[in-house]
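Asker: Input structure: entry.cif, which contains mmCIF, C-alpha atoms.
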data_data
#
loop_
_atom_site.label_atom_id
_atom_site.label_comp_id
_atom_site.auth_asym_id
_atom_site.auth_seq_id
_atom_site.Cartn_x
_atom_site.Cartn_y
_atom_site.Cartn_z
CA MET A 1 4.91 -9.70 12.17
CA GLN A 2 3.08 -10.94 15.25
CA ILE A 3 0.44 -13.16 13.71
CA PRO A 4 -3.08 -12.35 14.97
CA GLY A 5 -4.41 -15.23 17.04
CA ASN A 6 -7.88 -16.68 17.49
CA ARG A 7 -9.75 -15.66 20.62
CA ALA A 8 -9.63 -18.29 23.33
CA ASP A 9 -13.38 -18.19 23.88
CA GLY A 10 -14.08 -18.76 20.21
CA ALA A 11 -16.34 -15.71 20.08
CA GLN A 12 -16.88 -13.91 16.82
CA THR A 13 -15.14 -10.55 16.58
CA ARG A 14 -15.79 -7.61 14.32
CA PRO A 15 -13.51 -4.99 12.75
CA ALA A 16 -12.60 -1.91 14.75
CA GLN A 17 -15.32 0.70 14.91
CA SER A 18 -13.14 3.53 13.67
CA LEU A 19 -9.88 4.24 11.90
CA ALA A 20 -8.86 6.38 14.86
CA ARG A 21 -8.50 3.24 16.98
CA ILE A 22 -6.43 1.55 14.31
CA ILE A 23 -4.15 4.53 13.72
CA SER A 24 -3.58 5.07 17.43
CA ALA A 25 -2.16 1.54 17.66
CA LEU A 26 0.39 2.04 14.88
CA GLY A 27 2.86 4.37 16.61
CA ILE A 28 3.55 6.23 13.37
CA THR A 29 6.69 8.33 12.95
CA ALA A 30 6.39 10.56 9.87
CA ASP A 31 9.81 9.67 8.43
CA TYR A 32 10.15 7.76 5.17
CA ARG A 33 12.61 5.28 6.70
CA TRP A 34 10.08 4.41 9.39
CA ALA A 35 7.44 3.80 6.73
CA TRP A 36 9.64 1.29 4.90
CA ASP A 37 11.08 -0.40 7.97
CA HIS A 38 7.74 -0.91 9.74
CA TYR A 39 5.29 -1.68 6.93
CA GLU A 40 5.02 -5.40 7.65
CA GLU A 41 4.55 -4.63 11.34
CA VAL A 42 1.91 -2.01 10.50
CA VAL A 43 -0.09 -4.47 8.41
CA GLY A 44 0.13 -6.97 11.25
CA THR A 45 -1.11 -4.39 13.75
CA VAL A 46 -4.06 -3.46 11.54
CA ALA A 47 -4.90 -7.15 11.29
CA ARG A 48 -4.79 -7.63 15.05
CA VAL A 49 -6.86 -4.55 15.86
CA THR A 50 -9.52 -5.45 13.29
CA HIS A 51 -9.35 -9.24 13.88
CA ALA A 52 -8.89 -9.71 10.14
CA LYS A 53 -8.71 -13.32 8.96
CA ARG A 54 -9.03 -12.99 5.18
CA PHE A 55 -6.13 -11.09 3.56
CA LEU A 56 -5.68 -9.92 -0.02
CA GLU A 57 -2.37 -8.47 -1.14
CA ILE A 58 -2.66 -6.37 -4.29
CA GLY A 59 0.32 -6.59 -6.63
CA GLY A 60 2.12 -9.13 -4.45
CA GLY A 61 3.46 -10.99 -7.47
CA ARG A 62 6.48 -13.16 -6.85
CA ASP A 63 7.31 -11.57 -3.50
CA PRO A 64 4.32 -11.33 -1.11
CA LEU A 65 4.70 -9.62 2.23
CA PHE A 66 3.88 -12.69 4.36
CA ASP A 67 4.50 -16.40 4.38
CA ALA A 68 1.23 -18.20 3.66
CA GLY A 69 2.10 -21.11 5.94
CA GLU A 70 2.65 -18.91 8.99
CA LEU A 71 -0.65 -17.14 8.38
CA ALA A 72 -2.51 -20.40 7.85
CA ALA A 73 -1.28 -21.66 11.22
CA ALA A 74 -3.08 -18.69 12.78
CA GLY A 75 -6.29 -19.34 10.85
CA ILE A 76 -5.63 -16.61 8.30
CA THR A 77 -6.03 -17.05 4.56
CA LEU A 78 -3.87 -15.00 2.19
CA THR A 79 -4.75 -14.38 -1.43
CA VAL A 80 -2.03 -12.80 -3.55
CA ASN A 81 -3.06 -10.74 -6.56
CA ASP A 82 -1.10 -9.63 -9.59
CA ILE A 83 -1.92 -8.48 -13.09
CA SER A 84 0.62 -11.01 -14.37
CA ALA A 85 -0.12 -14.73 -14.25
CA SER A 86 3.58 -15.47 -14.82
CA GLU A 87 4.50 -13.50 -11.69
CA LEU A 88 2.03 -15.46 -9.58
CA ALA A 89 3.23 -18.73 -11.11
CA ARG A 90 6.51 -18.23 -9.25
CA LEU A 91 4.71 -18.65 -5.91
CA PRO A 92 4.31 -21.99 -4.13
CA ASP A 93 0.89 -23.64 -4.26
CA SER A 94 0.37 -22.77 -0.59
CA TYR A 95 -0.73 -19.30 -1.70
CA HIS A 96 -4.18 -18.52 -3.03
CA LYS A 97 -3.70 -16.58 -6.27
CA ALA A 98 -5.93 -14.12 -8.13
CA VAL A 99 -4.98 -12.70 -11.52
CA PHE A 100 -6.67 -9.38 -12.27
CA ASP A 101 -5.94 -5.72 -12.87
CA VAL A 102 -6.92 -3.77 -9.76
CA ALA A 103 -7.77 -0.80 -11.98
CA GLY A 104 -9.57 -2.90 -14.59
CA ASP A 105 -12.97 -4.55 -14.94
CA ILE A 106 -13.44 -7.09 -12.14
CA SER A 107 -17.21 -7.38 -12.50
CA MET A 108 -16.85 -11.03 -13.52
CA ARG A 109 -14.85 -11.86 -10.39
CA THR A 110 -17.94 -12.18 -8.22
CA ASP A 111 -16.15 -14.95 -6.30
CA LEU A 112 -13.93 -12.24 -4.81
CA HIS A 113 -16.50 -9.55 -4.06
CA ASP A 114 -17.12 -8.80 -0.34
CA GLN A 115 -14.60 -11.49 0.60
CA PHE A 116 -11.70 -9.78 2.37
CA ASP A 117 -11.28 -8.30 5.84
CA LEU A 118 -7.94 -6.68 5.03
CA ILE A 119 -6.53 -5.60 1.67
CA PHE A 120 -3.03 -4.17 1.46
CA SER A 121 -0.45 -3.14 -1.11
CA GLN A 122 3.04 -1.68 -1.26
CA MET A 123 4.28 0.55 -4.10
CA VAL A 124 1.44 -0.53 -6.41
CA PHE A 125 -1.21 2.18 -6.65
CA GLU A 126 1.14 4.71 -8.23
CA HIS A 127 1.37 2.40 -11.26
CA VAL A 128 -2.35 2.12 -12.02
CA SER A 129 -3.75 4.28 -14.80
CA ASP A 130 -6.99 5.05 -12.95
CA GLY A 131 -6.67 5.44 -9.20
CA GLU A 132 -10.37 6.05 -8.71
CA LYS A 133 -11.26 2.79 -10.45
CA ALA A 134 -8.67 0.93 -8.38
CA TRP A 135 -10.14 2.20 -5.11
CA ALA A 136 -13.67 1.39 -6.34
CA ASN A 137 -12.57 -2.18 -7.05
CA VAL A 138 -10.98 -2.47 -3.62
CA TYR A 139 -14.30 -1.35 -2.14
CA ASP A 140 -16.08 -4.17 -3.99
CA LEU A 141 -13.54 -6.71 -2.76
CA LEU A 142 -13.72 -5.67 0.90
CA ALA A 143 -16.19 -7.30 3.26
CA PRO A 144 -18.47 -4.86 5.12
CA GLY A 145 -16.37 -3.13 7.78
CA GLY A 146 -13.17 -4.27 6.08
CA VAL A 147 -10.03 -2.14 5.92
CA ALA A 148 -7.62 -1.43 3.08
CA LEU A 149 -4.11 -0.01 3.35
CA ALA A 150 -1.97 1.24 0.47
CA PHE A 151 1.66 2.34 0.85
CA ILE A 152 2.41 4.77 -1.99
CA PRO A 153 4.92 7.38 -3.15
CA THR A 154 3.24 10.77 -3.41
CA LEU A 155 3.18 13.94 -5.43
CA TYR A 156 4.72 16.44 -5.28
CA ALA A 157 8.03 15.02 -4.09
CA LEU A 158 10.66 16.00 -6.65
CA PRO A 159 11.90 12.47 -7.52
CA PHE A 160 8.34 11.37 -8.27
CA ILE A 161 7.51 14.47 -10.31
CA ALA A 162 10.55 13.64 -12.44
CA ASN A 163 9.44 10.01 -12.70
CA LYS A 164 5.98 11.09 -13.81
CA LEU A 165 7.23 13.54 -16.45
CA LEU A 166 10.02 11.46 -17.97
CA PRO A 167 9.34 8.92 -20.73
CA ASP A 168 8.91 5.43 -19.30
CA ALA A 169 12.12 4.09 -20.85
CA ALA A 170 14.20 6.97 -19.47
CA ALA A 171 12.66 6.69 -16.01
CA ARG A 172 13.33 2.94 -15.97
CA LYS A 173 17.01 3.42 -16.87
CA ILE A 174 17.48 6.02 -14.15
CA VAL A 175 15.91 3.79 -11.50
CA GLN A 176 17.99 0.79 -12.60
CA SER A 177 21.20 2.87 -12.55
CA LEU A 178 20.48 4.06 -9.00
CA TYR A 179 19.27 0.70 -7.69
CA ARG A 180 21.33 -2.09 -9.18
CA HIS A 181 19.02 -4.80 -7.81
CA ARG A 182 16.16 -3.54 -10.01
CA GLY A 183 16.17 -5.80 -13.07
CA GLU A 184 13.62 -7.53 -15.27
CA GLN A 185 14.35 -10.89 -13.66
CA THR A 186 14.46 -9.60 -10.07
CA TYR A 187 12.42 -6.47 -9.31
CA PRO A 188 11.15 -5.01 -12.60
CA VAL A 189 10.56 -1.27 -12.95
CA PHE A 190 7.00 -0.57 -14.05
CA PRO A 191 5.67 2.69 -15.52
CA ALA A 192 4.37 5.08 -12.85
CA ARG A 193 1.20 7.13 -13.40
CA TYR A 194 0.54 8.66 -9.93
CA SER A 195 -3.24 8.78 -10.34
CA PHE A 196 -4.57 10.01 -6.97
CA ALA A 197 -1.13 9.47 -5.44
CA TYR A 198 -1.42 12.16 -2.78
CA ALA A 199 -0.77 12.50 0.94
CA SER A 200 -3.43 15.18 1.20
CA GLU A 201 -6.77 14.04 2.59
CA SER A 202 -8.49 17.01 0.93
CA LYS A 203 -7.50 15.61 -2.48
CA LEU A 204 -8.50 12.03 -1.69
CA LYS A 205 -11.55 12.23 0.56
CA PRO A 206 -14.14 13.43 -2.01
CA MET A 207 -13.23 10.59 -4.37
CA LEU A 208 -13.18 7.92 -1.66
CA ALA A 209 -16.39 9.15 -0.04
CA ALA A 210 -18.18 9.07 -3.41
CA ILE A 211 -17.15 5.42 -3.80
CA GLY A 212 -18.77 4.67 -0.44
CA TYR A 213 -15.97 4.38 2.11
CA ARG A 214 -17.09 5.24 5.62
CA GLU A 215 -13.71 6.55 6.71
CA MET A 216 -10.33 7.40 5.26
CA ALA A 217 -7.02 8.77 6.46
CA ALA A 218 -3.75 9.71 4.78
CA LEU A 219 -0.66 9.25 6.94
CA PRO A 220 2.26 11.23 5.41
CA PHE A 221 5.97 10.48 5.50
CA TYR A 222 8.73 12.94 4.67
CA GLY A 223 12.19 12.55 3.14
CA HIS A 224 13.72 10.42 0.40
CA GLU A 225 16.92 8.39 0.12
CA TYR A 226 17.62 9.77 -3.35
CA TYR A 227 19.26 12.90 -1.90
CA ALA A 228 21.76 10.91 0.15
CA ARG A 229 23.99 10.67 -2.93
CA PHE A 230 24.54 14.43 -3.11
CA PRO A 231 26.22 15.90 0.01
CA LEU A 232 25.20 19.57 -0.33
CA VAL A 233 21.71 18.78 -1.57
CA ARG A 234 21.39 16.17 1.18
CA THR A 235 22.00 18.78 3.89
CA ILE A 236 19.52 21.26 2.39
CA HIS A 237 16.96 18.52 1.91
CA ARG A 238 17.33 17.34 5.51
CA GLN A 239 16.65 20.84 6.81
CA PHE A 240 13.75 21.43 4.46
CA THR A 241 12.25 18.03 5.27
CA ALA A 242 12.36 18.81 9.00
CA LEU A 243 10.44 22.02 8.34
CA ALA A 244 7.87 20.33 6.07
CA LYS A 245 7.32 17.60 8.67
CA ALA A 246 6.94 20.11 11.50
CA LYS A 247 4.43 22.15 9.47
CA ASP A 248 2.71 19.03 8.07
CA TRP A 249 2.99 20.32 4.52
CA ARG A 250 1.33 17.34 2.88
CA VAL A 251 2.06 18.57 -0.63
CA LEU A 252 5.77 18.01 0.10
CA ALA A 253 5.44 14.53 1.60
CA SER A 254 7.29 11.74 -0.22
CA TYR A 255 5.20 8.74 0.82
CA ALA A 256 1.92 7.98 2.53
CA TYR A 257 -0.13 5.18 3.99
CA ILE A 258 -3.67 5.54 2.66
CA ILE A 259 -6.07 3.68 4.92
CA VAL A 260 -9.82 3.27 4.35
CA ARG A 261 -12.75 1.42 5.90
CA LYS A 262 -15.77 0.11 4.03
#
Go ahead and render the structure in this file as structure tokens.
Answerer:
Amino acid sequence: MQIPGNRADGAQTRPAQSLARIISALGITADYRWAWDHYEEVVGTVARVTHAKRFLEIGGGRDPLFDAGELAAAGITLTVNDISASELARLPDSYHKAVFDVAGDISMRTDLHDQFDLIFSQMVFEHVSDGEKAWANVYDLLAPGGVALAFIPTLYALPFIANKLLPDAAARKIVQSLYRHRGEQTYPVFPARYSFAYASESKLKPMLAAIGYREMAALPFYGHEYYARFPLVRTIHRQFTALAKAKDWRVLASYAYIIVRK
């Protein structure tokens, strides 16, 4: 990440006036590998375009996206959130920490309301039981004009439909068998609920607008590494993915960046 710097003249800056300006700076390629490989860079670009100085990472736990020391050197404060105090306890004291459930009741956390220029998360919002409540809480946490970005898996990609329908224990075993690094002491597998986990703006916009967001956009990504293990299926999936991407069939996207502005 290229850390956003302070302006030489010391003038106060304000967030970008529209999401269109932010999105145009991202250079998005609608392939799932691009989404994973460039997420840190994307968050950095959003920060630079909006001149964000107060970051909140939702669900950062033991492994936040950025090093707090590097951000602090650029005049940026990073607060890492997690529902688990024990996860946050693994972090050095250089990080600001905030224990709360993003889809729970945060009315008592008035110290955090209207405090953040940029809120971001990666593979978190599909796990919350109430997506609408989570986005409402993010709205309360954002400063006026602030931007939030969530990187999520989306329905109705086949692997995620299966994950949603299977019992939690069965889904966890499948994920751990496919990805050996996923363990309780490394990267735990949490139950997935997929509440409002869509790449379709038509499904998301009414809910987000009712909360109060001025703008929103869903940036879809197509494809999934799961099929790489099955040669014949892999070939069919590659061809079908190319068609879905060309036609922008959002219902068949596998991942999305959901970006909103307060």
Asker: May I ask for the distance between atom CA of A:Ile58 and atom CA of A:Ala210, given in Å to one decimal place?
Answerer: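 Taking atom CA of A:Ile58 as the start and atom CA of A:Ala210 as the end point, the length is 21.9 Å.
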Asker: At most 9 Å is the cut-off: for each residue in stretch 91-170 of chain A with any atom that close to an atom of stretch 41-46 of chain A, write down the nearest atom pair and the distance in Å rounded to one decimal, counting all atoms listed in the file, chain first then increasing number, as a Markdown table.
Answerer:
| residue | atom | partner | partner_atom | distance |
| --- | --- | --- | --- | --- |
| A:Leu118 | CA | A:Val46 | CA | 8.2 |
| A:Phe120 | CA | A:Val43 | CA | 7.6 |
| A:Val147 | CA | A:Val46 | CA | 8.3 |
| A:Leu149 | CA | A:Val43 | CA | 7.9 |
Asker: What is the distance, in Å and to one decimal place, between atom CA of A:Ala20 and atom CA of A:Ile259?
Answerer: 10.7 Å
Asker: Convert the output of the PyMOL selection byres ((chain A and resi 128) around 10) on the shown file into explicit residues, formatted as a ChimeraX atom specification.
Answerer: /A:101-104,124-127,129-134,190-197
Asker: Measuring between all atoms listed in the file, which one of A:Leu155, A:Leu71, A:Leu208, A:Ala85 shows the shortest distance to A:Tyr222?
Answerer: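 The shortest atom-to-atom distance to A:Tyr222 comes from A:Leu155.
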Asker: I'd like to see the residues matched by the PyMOL selection byres ((chain A and resi 142) around 8) on this file, and ideally I'd get them as a list in words.
Answerer: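 On the file shown, the PyMOL selection byres ((chain A and resi 142) around 8) covers His113, Asp114, Gln115, Phe116, Asp117, Leu118, Ile119, Val138, Tyr139, Asp140, Leu141, Ala143, Pro144, Gly145, Gly146, Val147, Ala148 and Lys262 of chain A.
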Asker: Please write as a short mmCIF file (atom, residue, chain, number, x, y, z; two decimals) with C-alpha atoms, in the frame of the given file the full residue list that the PyMOL selection byres ((chain A and resi 212-219) around 8) yields on this file.
Answerer:
data_model
loop_
_atom_site.label_atom_id
_atom_site.label_comp_id
_atom_site.auth_asym_id
_atom_site.auth_seq_id
_atom_site.Cartn_x
_atom_site.Cartn_y
_atom_site.Cartn_z
CA SER A 18 -13.14 3.53 13.67
CA LEU A 19 -9.88 4.24 11.90
CA ALA A 30 6.39 10.56 9.87
CA TYR A 139 -14.30 -1.35 -2.14
CA ALA A 199 -0.77 12.50 0.94
CA SER A 200 -3.43 15.18 1.20
CA GLU A 201 -6.77 14.04 2.59
CA LYS A 205 -11.55 12.23 0.56
CA LEU A 208 -13.18 7.92 -1.66
CA ALA A 209 -16.39 9.15 -0.04
CA ALA A 210 -18.18 9.07 -3.41
CA ILE A 211 -17.15 5.42 -3.80
CA PRO A 220 2.26 11.23 5.41
CA PHE A 221 5.97 10.48 5.50
CA ALA A 256 1.92 7.98 2.53
CA TYR A 257 -0.13 5.18 3.99
CA ILE A 258 -3.67 5.54 2.66
CA ILE A 259 -6.07 3.68 4.92
CA VAL A 260 -9.82 3.27 4.35
CA ARG A 261 -12.75 1.42 5.90
CA LYS A 262 -15.77 0.11 4.03
#
Asker: Find the distance between atom CA of A:Asp93 and atom CA of A:Glu57 and write it in Å to one decimal.
Answerer: 15.8 Å
Asker: Counting only C-alpha atoms, which residue out of A:Lys247, A:Arg238, A:His224, A:His38 sits closest to A:Leu26?
Answerer: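 When distances to A:Leu26 are compared using only C-alpha atoms, the smallest one comes from A:His38.
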Asker: Return the single residue from A:Tyr255, A:Phe66, A:Asn137, A:Ser84 that is closest to A:Trp34, with distances computed using all atoms listed in the file.
Answerer: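 The closest residue to A:Trp34 is A:Tyr255.
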Asker: Measuring between only C-alpha atoms, which one of A:Trp135, A:Tyr226, A:Tyr156, A:Phe151 shows the shortest distance to A:Met207?
Answerer: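 Of all the options, A:Trp135 lies closest to A:Met207.
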